[in-house]
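In what follows, a structure is listed as structure tokens, so that the remarks can point back to it.
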Amino acid sequence: MRSLSGKNILMVMPRNQFDEDELFVTRKFLESAGARVIVLSRTGQEAVGTNRTRFQPHGMIIDWNRQEGIFRKYDAVVLVGGKGASKSLWDDPILPQILTDHYRAGKVIAAMGLSVAVLARADFLIQMEASGPDEEKFLKELSAGSSYHSEEPVTCCDRIITASGGDAAKEFAEAVSAVVGDDTAT
């Protein structure tokens with residue numbers, strides 16, 4: 001496991017119906033590698049996952065650049081999926097701006113499950129393969145964004161990482177860790 005000591009990672013989750021494996025497995029892995037992980041949602045209020053687990057994020061997406069101890073861009077922005085992603089992340093007006101800002105600054109952007117559609121909608125996946133769930137509404141979003149669906153659980157292309165969902169959370173977290181920890185990539 002590559003050390004992420006001194007690295008700051010922003011995780012953005014759906015307001016509700018988040019995928020617990022995508023959030024908890026990924027967060028635990030990144031924190032155990034030494035990263036400081038900030039989790040935000042649209043409302044900043046306690047959220048309920050698809051398996052009824054409750055989680056209190058650190059705050060609201062709109063305050064992404066006002067988190068205590070964060071004085072520069074995050075080293076990665078990671079989007080968490082789940083059934084709620086299509087309702088609270090796909091149309092979020094701030095998220096594409098955050099992603100673009102960080103990508104242009106040479107940072108890693110990553111998404112799992114249904115949240116991969118946010119990357120497609122923000123034009124990050126044009127003419128690229130992306131992992132994600134094999135669900136009709138998601139596949140339509142990929143197609144509309146000129147992207148192709150990969151059967152691989154995790155897909156990496158430079159500083160963009162996508163994953164099929166919670167089943168691939170550990171492999172996804174390992175990929176994020178590897179790219180974020182490689183100072184020559186960012």
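Letters A, B, ... go to the chains of the structure tokens in the order shown; residues in each chain start at 1; ligands are counted from 1 in the same order.
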Looking only at helix (DSSP H, G or I) from DSSP on the backbone, list the matching residues of stretch 98-130 of chain A as a PDB file with all heavy atoms, in the first residue's frame.
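For reference, selection-v1.pdb as written:
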ATOM      1  N   ILE A  98     -16.092  21.707  -9.527  1.00  0.00           N
ATOM      2  CA  ILE A  98     -15.061  21.191  -8.616  1.00  0.00           C
ATOM      3  C   ILE A  98     -14.170  20.191  -9.353  1.00  0.00           C
ATOM      4  O   ILE A  98     -12.938  20.238  -9.253  1.00  0.00           O
ATOM      5  CB  ILE A  98     -15.703  20.535  -7.374  1.00  0.00           C
ATOM      6  CG1 ILE A  98     -16.453  21.574  -6.540  1.00  0.00           C
ATOM      7  CG2 ILE A  98     -14.650  19.812  -6.528  1.00  0.00           C
ATOM      8  CD1 ILE A  98     -17.326  20.985  -5.444  1.00  0.00           C
ATOM      9  N   LEU A  99     -14.794  19.291 -10.084  1.00  0.00           N
ATOM     10  CA  LEU A  99     -14.038  18.273 -10.825  1.00  0.00           C
ATOM     11  C   LEU A  99     -13.119  18.919 -11.861  1.00  0.00           C
ATOM     12  O   LEU A  99     -11.937  18.565 -11.965  1.00  0.00           O
ATOM     13  CB  LEU A  99     -15.007  17.297 -11.500  1.00  0.00           C
ATOM     14  CG  LEU A  99     -15.791  16.393 -10.552  1.00  0.00           C
ATOM     15  CD1 LEU A  99     -16.955  15.732 -11.288  1.00  0.00           C
ATOM     16  CD2 LEU A  99     -14.897  15.353  -9.913  1.00  0.00           C
ATOM     17  N   THR A 100     -13.645  19.862 -12.623  1.00  0.00           N
ATOM     18  CA  THR A 100     -12.856  20.534 -13.657  1.00  0.00           C
ATOM     19  C   THR A 100     -11.683  21.283 -13.040  1.00  0.00           C
ATOM     20  O   THR A 100     -10.545  21.199 -13.528  1.00  0.00           O
ATOM     21  CB  THR A 100     -13.743  21.497 -14.469  1.00  0.00           C
ATOM     22  OG1 THR A 100     -14.791  20.736 -15.091  1.00  0.00           O
ATOM     23  CG2 THR A 100     -12.950  22.229 -15.540  1.00  0.00           C
ATOM     24  N   ASP A 101     -11.942  22.012 -11.985  1.00  0.00           N
ATOM     25  CA  ASP A 101     -10.910  22.780 -11.291  1.00  0.00           C
ATOM     26  C   ASP A 101      -9.768  21.869 -10.836  1.00  0.00           C
ATOM     27  O   ASP A 101      -8.587  22.182 -11.035  1.00  0.00           O
ATOM     28  CB  ASP A 101     -11.545  23.504 -10.099  1.00  0.00           C
ATOM     29  CG  ASP A 101     -10.601  24.460  -9.412  1.00  0.00           C
ATOM     30  OD1 ASP A 101      -9.836  25.149 -10.115  1.00  0.00           O
ATOM     31  OD2 ASP A 101     -10.644  24.532  -8.171  1.00  0.00           O
ATOM     32  N   HIS A 102     -10.110  20.751 -10.240  1.00  0.00           N
ATOM     33  CA  HIS A 102      -9.085  19.838  -9.734  1.00  0.00           C
ATOM     34  C   HIS A 102      -8.360  19.118 -10.875  1.00  0.00           C
ATOM     35  O   HIS A 102      -7.141  18.957 -10.824  1.00  0.00           O
ATOM     36  CB  HIS A 102      -9.699  18.845  -8.745  1.00  0.00           C
ATOM     37  CG  HIS A 102      -9.902  19.449  -7.401  1.00  0.00           C
ATOM     38  ND1 HIS A 102     -10.952  20.306  -7.124  1.00  0.00           N
ATOM     39  CD2 HIS A 102      -9.174  19.360  -6.263  1.00  0.00           C
ATOM     40  CE1 HIS A 102     -10.864  20.701  -5.864  1.00  0.00           C
ATOM     41  NE2 HIS A 102      -9.792  20.140  -5.320  1.00  0.00           N
ATOM     42  N   TYR A 103      -9.084  18.696 -11.884  1.00  0.00           N
ATOM     43  CA  TYR A 103      -8.439  17.990 -12.998  1.00  0.00           C
ATOM     44  C   TYR A 103      -7.448  18.910 -13.713  1.00  0.00           C
ATOM     45  O   TYR A 103      -6.331  18.515 -14.036  1.00  0.00           O
ATOM     46  CB  TYR A 103      -9.481  17.439 -13.965  1.00  0.00           C
ATOM     47  CG  TYR A 103      -8.884  16.503 -14.979  1.00  0.00           C
ATOM     48  CD1 TYR A 103      -8.477  15.222 -14.611  1.00  0.00           C
ATOM     49  CD2 TYR A 103      -8.678  16.903 -16.294  1.00  0.00           C
ATOM     50  CE1 TYR A 103      -7.897  14.357 -15.525  1.00  0.00           C
ATOM     51  CE2 TYR A 103      -8.103  16.050 -17.218  1.00  0.00           C
ATOM     52  CZ  TYR A 103      -7.719  14.774 -16.826  1.00  0.00           C
ATOM     53  OH  TYR A 103      -7.138  13.931 -17.736  1.00  0.00           O
ATOM     54  N   ARG A 104      -7.857  20.146 -13.947  1.00  0.00           N
ATOM     55  CA  ARG A 104      -6.958  21.107 -14.597  1.00  0.00           C
ATOM     56  C   ARG A 104      -5.716  21.385 -13.752  1.00  0.00           C
ATOM     57  O   ARG A 104      -4.673  21.747 -14.286  1.00  0.00           O
ATOM     58  CB  ARG A 104      -7.699  22.419 -14.867  1.00  0.00           C
ATOM     59  CG  ARG A 104      -8.650  22.326 -16.017  1.00  0.00           C
ATOM     60  CD  ARG A 104      -9.325  23.653 -16.287  1.00  0.00           C
ATOM     61  NE  ARG A 104     -10.240  23.539 -17.409  1.00  0.00           N
ATOM     62  CZ  ARG A 104     -11.178  24.414 -17.675  1.00  0.00           C
ATOM     63  NH1 ARG A 104     -11.339  25.486 -16.904  1.00  0.00           N
ATOM     64  NH2 ARG A 104     -11.976  24.232 -18.719  1.00  0.00           N
ATOM     65  N   GLY A 113     -19.729   3.334  -9.352  1.00  0.00           N
ATOM     66  CA  GLY A 113     -21.143   3.031  -9.533  1.00  0.00           C
ATOM     67  C   GLY A 113     -21.871   4.093 -10.334  1.00  0.00           C
ATOM     68  O   GLY A 113     -21.357   4.616 -11.320  1.00  0.00           O
ATOM     69  N   LEU A 114     -23.069   4.427  -9.883  1.00  0.00           N
ATOM     70  CA  LEU A 114     -23.898   5.387 -10.609  1.00  0.00           C
ATOM     71  C   LEU A 114     -23.303   6.789 -10.655  1.00  0.00           C
ATOM     72  O   LEU A 114     -23.671   7.592 -11.503  1.00  0.00           O
ATOM     73  CB  LEU A 114     -25.311   5.431 -10.020  1.00  0.00           C
ATOM     74  CG  LEU A 114     -26.172   4.186 -10.277  1.00  0.00           C
ATOM     75  CD1 LEU A 114     -27.491   4.287  -9.519  1.00  0.00           C
ATOM     76  CD2 LEU A 114     -26.428   4.009 -11.772  1.00  0.00           C
ATOM     77  N   SER A 115     -22.369   7.106  -9.774  1.00  0.00           N
ATOM     78  CA  SER A 115     -21.778   8.445  -9.800  1.00  0.00           C
ATOM     79  C   SER A 115     -20.830   8.640 -10.983  1.00  0.00           C
ATOM     80  O   SER A 115     -20.470   9.775 -11.311  1.00  0.00           O
ATOM     81  CB  SER A 115     -21.052   8.747  -8.489  1.00  0.00           C
ATOM     82  OG  SER A 115     -19.866   7.997  -8.384  1.00  0.00           O
ATOM     83  N   VAL A 116     -20.448   7.568 -11.665  1.00  0.00           N
ATOM     84  CA  VAL A 116     -19.593   7.692 -12.857  1.00  0.00           C
ATOM     85  C   VAL A 116     -20.309   8.548 -13.913  1.00  0.00           C
ATOM     86  O   VAL A 116     -19.660   9.259 -14.685  1.00  0.00           O
ATOM     87  CB  VAL A 116     -19.219   6.298 -13.420  1.00  0.00           C
ATOM     88  CG1 VAL A 116     -18.471   6.410 -14.739  1.00  0.00           C
ATOM     89  CG2 VAL A 116     -18.383   5.522 -12.394  1.00  0.00           C
ATOM     90  N   ALA A 117     -21.626   8.542 -13.886  1.00  0.00           N
ATOM     91  CA  ALA A 117     -22.398   9.351 -14.841  1.00  0.00           C
ATOM     92  C   ALA A 117     -22.101  10.839 -14.684  1.00  0.00           C
ATOM     93  O   ALA A 117     -22.201  11.602 -15.653  1.00  0.00           O
ATOM     94  CB  ALA A 117     -23.885   9.085 -14.677  1.00  0.00           C
ATOM     95  N   VAL A 118     -21.724  11.275 -13.490  1.00  0.00           N
ATOM     96  CA  VAL A 118     -21.358  12.678 -13.281  1.00  0.00           C
ATOM     97  C   VAL A 118     -20.150  13.030 -14.143  1.00  0.00           C
ATOM     98  O   VAL A 118     -20.104  14.097 -14.763  1.00  0.00           O
ATOM     99  CB  VAL A 118     -21.067  12.968 -11.790  1.00  0.00           C
ATOM    100  CG1 VAL A 118     -20.569  14.389 -11.592  1.00  0.00           C
ATOM    101  CG2 VAL A 118     -22.301  12.709 -10.935  1.00  0.00           C
ATOM    102  N   LEU A 119     -19.178  12.127 -14.213  1.00  0.00           N
ATOM    103  CA  LEU A 119     -18.000  12.360 -15.048  1.00  0.00           C
ATOM    104  C   LEU A 119     -18.375  12.407 -16.524  1.00  0.00           C
ATOM    105  O   LEU A 119     -17.856  13.229 -17.282  1.00  0.00           O
ATOM    106  CB  LEU A 119     -16.942  11.279 -14.812  1.00  0.00           C
ATOM    107  CG  LEU A 119     -16.382  11.131 -13.396  1.00  0.00           C
ATOM    108  CD1 LEU A 119     -15.308  10.047 -13.362  1.00  0.00           C
ATOM    109  CD2 LEU A 119     -15.848  12.440 -12.868  1.00  0.00           C
ATOM    110  N   ALA A 120     -19.293  11.538 -16.932  1.00  0.00           N
ATOM    111  CA  ALA A 120     -19.748  11.538 -18.325  1.00  0.00           C
ATOM    112  C   ALA A 120     -20.482  12.837 -18.645  1.00  0.00           C
ATOM    113  O   ALA A 120     -20.242  13.462 -19.684  1.00  0.00           O
ATOM    114  CB  ALA A 120     -20.651  10.337 -18.590  1.00  0.00           C
ATOM    115  N   ARG A 121     -21.357  13.270 -17.758  1.00  0.00           N
ATOM    116  CA  ARG A 121     -22.109  14.513 -17.968  1.00  0.00           C
ATOM    117  C   ARG A 121     -21.192  15.737 -17.996  1.00  0.00           C
ATOM    118  O   ARG A 121     -21.509  16.732 -18.642  1.00  0.00           O
ATOM    119  CB  ARG A 121     -23.165  14.697 -16.886  1.00  0.00           C
ATOM    120  CG  ARG A 121     -24.364  13.812 -17.075  1.00  0.00           C
ATOM    121  CD  ARG A 121     -25.405  14.089 -16.017  1.00  0.00           C
ATOM    122  NE  ARG A 121     -26.659  13.438 -16.367  1.00  0.00           N
ATOM    123  CZ  ARG A 121     -27.842  13.852 -15.959  1.00  0.00           C
ATOM    124  NH1 ARG A 121     -27.946  14.921 -15.173  1.00  0.00           N
ATOM    125  NH2 ARG A 121     -28.930  13.220 -16.324  1.00  0.00           N
TER     126      ARG A 121
END
Do you know which residues are at most 9 Å from A:Glu46 counting only C-alpha atoms, after dropping those on the same chain fewer than 3 positions away, and could you put them as a list in words?
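Counting only C-alpha atoms, the residues come to Arg15, Asn16, Thr43, Arg54, Phe55, Gln56 and Pro57 of chain A.
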Suppose we keep all heavy atoms; can you now write the selection as a PDB file, in the first residue's frame?
ATOM      1  N   ARG A  15     -26.963  12.445  -1.230  1.00  0.00           N
ATOM      2  CA  ARG A  15     -27.668  12.929  -0.036  1.00  0.00           C
ATOM      3  C   ARG A  15     -28.264  11.772   0.751  1.00  0.00           C
ATOM      4  O   ARG A  15     -28.276  11.777   1.966  1.00  0.00           O
ATOM      5  CB  ARG A  15     -28.748  13.915  -0.476  1.00  0.00           C
ATOM      6  CG  ARG A  15     -29.460  14.572   0.670  1.00  0.00           C
ATOM      7  CD  ARG A  15     -30.497  15.519   0.167  1.00  0.00           C
ATOM      8  NE  ARG A  15     -31.461  14.763  -0.612  1.00  0.00           N
ATOM      9  CZ  ARG A  15     -32.446  15.302  -1.294  1.00  0.00           C
ATOM     10  NH1 ARG A  15     -32.598  16.574  -1.332  1.00  0.00           N
ATOM     11  NH2 ARG A  15     -33.280  14.544  -1.965  1.00  0.00           N
ATOM     12  N   ASN A  16     -28.783  10.771   0.069  1.00  0.00           N
ATOM     13  CA  ASN A  16     -29.330   9.550   0.674  1.00  0.00           C
ATOM     14  C   ASN A  16     -29.163   8.414  -0.317  1.00  0.00           C
ATOM     15  O   ASN A  16     -28.820   8.630  -1.470  1.00  0.00           O
ATOM     16  CB  ASN A  16     -30.815   9.706   1.037  1.00  0.00           C
ATOM     17  CG  ASN A  16     -30.999  10.302   2.426  1.00  0.00           C
ATOM     18  OD1 ASN A  16     -30.400   9.837   3.393  1.00  0.00           O
ATOM     19  ND2 ASN A  16     -31.808  11.335   2.518  1.00  0.00           N
ATOM     20  N   THR A  43     -26.467  18.288   1.090  1.00  0.00           N
ATOM     21  CA  THR A  43     -27.083  18.981   2.222  1.00  0.00           C
ATOM     22  C   THR A  43     -26.208  19.020   3.466  1.00  0.00           C
ATOM     23  O   THR A  43     -26.433  19.847   4.341  1.00  0.00           O
ATOM     24  CB  THR A  43     -28.405  18.296   2.623  1.00  0.00           C
ATOM     25  OG1 THR A  43     -28.116  16.984   3.104  1.00  0.00           O
ATOM     26  CG2 THR A  43     -29.384  18.245   1.465  1.00  0.00           C
ATOM     27  N   ARG A  54     -26.624   4.675   8.682  1.00  0.00           N
ATOM     28  CA  ARG A  54     -26.627   6.136   8.777  1.00  0.00           C
ATOM     29  C   ARG A  54     -25.188   6.653   8.797  1.00  0.00           C
ATOM     30  O   ARG A  54     -24.311   6.033   9.393  1.00  0.00           O
ATOM     31  CB  ARG A  54     -27.367   6.587  10.027  1.00  0.00           C
ATOM     32  CG  ARG A  54     -28.831   6.220   9.988  1.00  0.00           C
ATOM     33  CD  ARG A  54     -29.590   6.766  11.198  1.00  0.00           C
ATOM     34  NE  ARG A  54     -31.008   6.512  11.069  1.00  0.00           N
ATOM     35  CZ  ARG A  54     -31.853   7.229  10.342  1.00  0.00           C
ATOM     36  NH1 ARG A  54     -31.417   8.260   9.661  1.00  0.00           N
ATOM     37  NH2 ARG A  54     -33.136   6.930  10.271  1.00  0.00           N
ATOM     38  N   PHE A  55     -24.984   7.804   8.154  1.00  0.00           N
ATOM     39  CA  PHE A  55     -23.652   8.409   8.115  1.00  0.00           C
ATOM     40  C   PHE A  55     -23.790   9.927   8.094  1.00  0.00           C
ATOM     41  O   PHE A  55     -24.586  10.484   7.342  1.00  0.00           O
ATOM     42  CB  PHE A  55     -22.873   7.950   6.876  1.00  0.00           C
ATOM     43  CG  PHE A  55     -21.497   8.547   6.796  1.00  0.00           C
ATOM     44  CD1 PHE A  55     -20.470   8.055   7.582  1.00  0.00           C
ATOM     45  CD2 PHE A  55     -21.239   9.622   5.957  1.00  0.00           C
ATOM     46  CE1 PHE A  55     -19.199   8.615   7.531  1.00  0.00           C
ATOM     47  CE2 PHE A  55     -19.973  10.183   5.898  1.00  0.00           C
ATOM     48  CZ  PHE A  55     -18.946   9.683   6.683  1.00  0.00           C
ATOM     49  N   GLN A  56     -22.979  10.591   8.914  1.00  0.00           N
ATOM     50  CA  GLN A  56     -22.971  12.045   8.977  1.00  0.00           C
ATOM     51  C   GLN A  56     -21.754  12.583   8.224  1.00  0.00           C
ATOM     52  O   GLN A  56     -20.620  12.430   8.677  1.00  0.00           O
ATOM     53  CB  GLN A  56     -22.913  12.520  10.444  1.00  0.00           C
ATOM     54  CG  GLN A  56     -22.827  14.027  10.601  1.00  0.00           C
ATOM     55  CD  GLN A  56     -24.061  14.741  10.087  1.00  0.00           C
ATOM     56  OE1 GLN A  56     -25.186  14.422  10.472  1.00  0.00           O
ATOM     57  NE2 GLN A  56     -23.864  15.697   9.189  1.00  0.00           N
ATOM     58  N   PRO A  57     -21.962  13.209   7.057  1.00  0.00           N
ATOM     59  CA  PRO A  57     -20.816  13.795   6.343  1.00  0.00           C
ATOM     60  C   PRO A  57     -20.251  14.994   7.097  1.00  0.00           C
ATOM     61  O   PRO A  57     -20.882  15.525   8.009  1.00  0.00           O
ATOM     62  CB  PRO A  57     -21.407  14.214   4.993  1.00  0.00           C
ATOM     63  CG  PRO A  57     -22.877  14.243   5.173  1.00  0.00           C
ATOM     64  CD  PRO A  57     -23.217  13.375   6.348  1.00  0.00           C
TER      65      PRO A  57
END
A:Gly84 environment, 6 Å, only C-alpha atoms, sequence neighbours closer than 4 positions dropped, as a PyMOL selection string:
chain A and resi 14+16-18
Selection export as a short mmCIF file (atom, residue, chain, number, x, y, z; two decimals), in the first residue's frame, atoms kept: C-alpha atoms:
data_model
loop_
_atom_site.label_atom_id
_atom_site.label_comp_id
_atom_site.auth_asym_id
_atom_site.auth_seq_id
_atom_site.Cartn_x
_atom_site.Cartn_y
_atom_site.Cartn_z
CA PRO A 14 -25.33 11.20 -2.45
CA ASN A 16 -29.33 9.55 0.67
CA GLN A 17 -29.29 5.99 -0.67
CA PHE A 18 -25.49 5.92 -0.89
#
The distance between atom CA of A:Val12 and atom CA of A:Ala33 is 19.1 Å
Nearest residue to A:Glu141 from the set A:Ala110, A:Ala122, A:Val180, A:Ala105 (distances using only C-alpha atoms)
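That would be A:Ala122, the residue with the smallest distance to A:Glu141.
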Given only C-alpha atoms as the counted atoms, nearest of A:Val25, A:Ile70, A:Met13, A:Leu40 to A:Leu89
A:Met13
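The interatomic distance for the pair atom CA of A:Arg72 and atom CA of A:Gly59 works out to 17.6 Å.
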Interatomic distance, atom CA of A:Val179 to atom CA of A:Ala35 (Å, one decimal):
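Result for atom CA of A:Val179 versus atom CA of A:Ala35: 13.0 Å, one decimal.
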Per residue of stretch 87-184 of chain A within 8 Å of stretch 27-32 of chain A, record the nearest atom pair and its distance in Å to one decimal, counting only C-alpha atoms, with rows in chain order and ascending residue number, as a tab-separated table.
residue	atom	partner	partner_atom	distance
A:Lys170	CA	A:Phe29	CA	7.3
A:Ala173	CA	A:Phe29	CA	6.3
A:Glu174	CA	A:Phe29	CA	7.7
A:Ser177	CA	A:Leu30	CA	6.7
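By only C-alpha atoms, and with residues fewer than 4 positions from A:Ser150 along its chain excluded, the set lying at most 9 Å from it is Glu129, Ala130, Ser131, Gly132, Val154, Thr155 and Ser164 of chain A.
Nearest to A:Lys73 of all the residues A:Pro133, A:Gly165, A:Gly106, A:Gly181 is A:Gly106, based on only C-alpha atoms.
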When DSSP is applied to the backbone of this structure, which of chain A are assigned strand (DSSP E or B)? Write them out as a PyMOL selection string.
chain A and resi 8-12+36-41+47-48+54-55+59-60+76-79+108-112+129-131+148-150+154-157+160-163
The residue from A:Ala76, A:Ser5, A:Asp21, A:Leu95 with the smallest atom-to-atom distance to A:Ser41, counting only C-alpha atoms, is A:Leu95
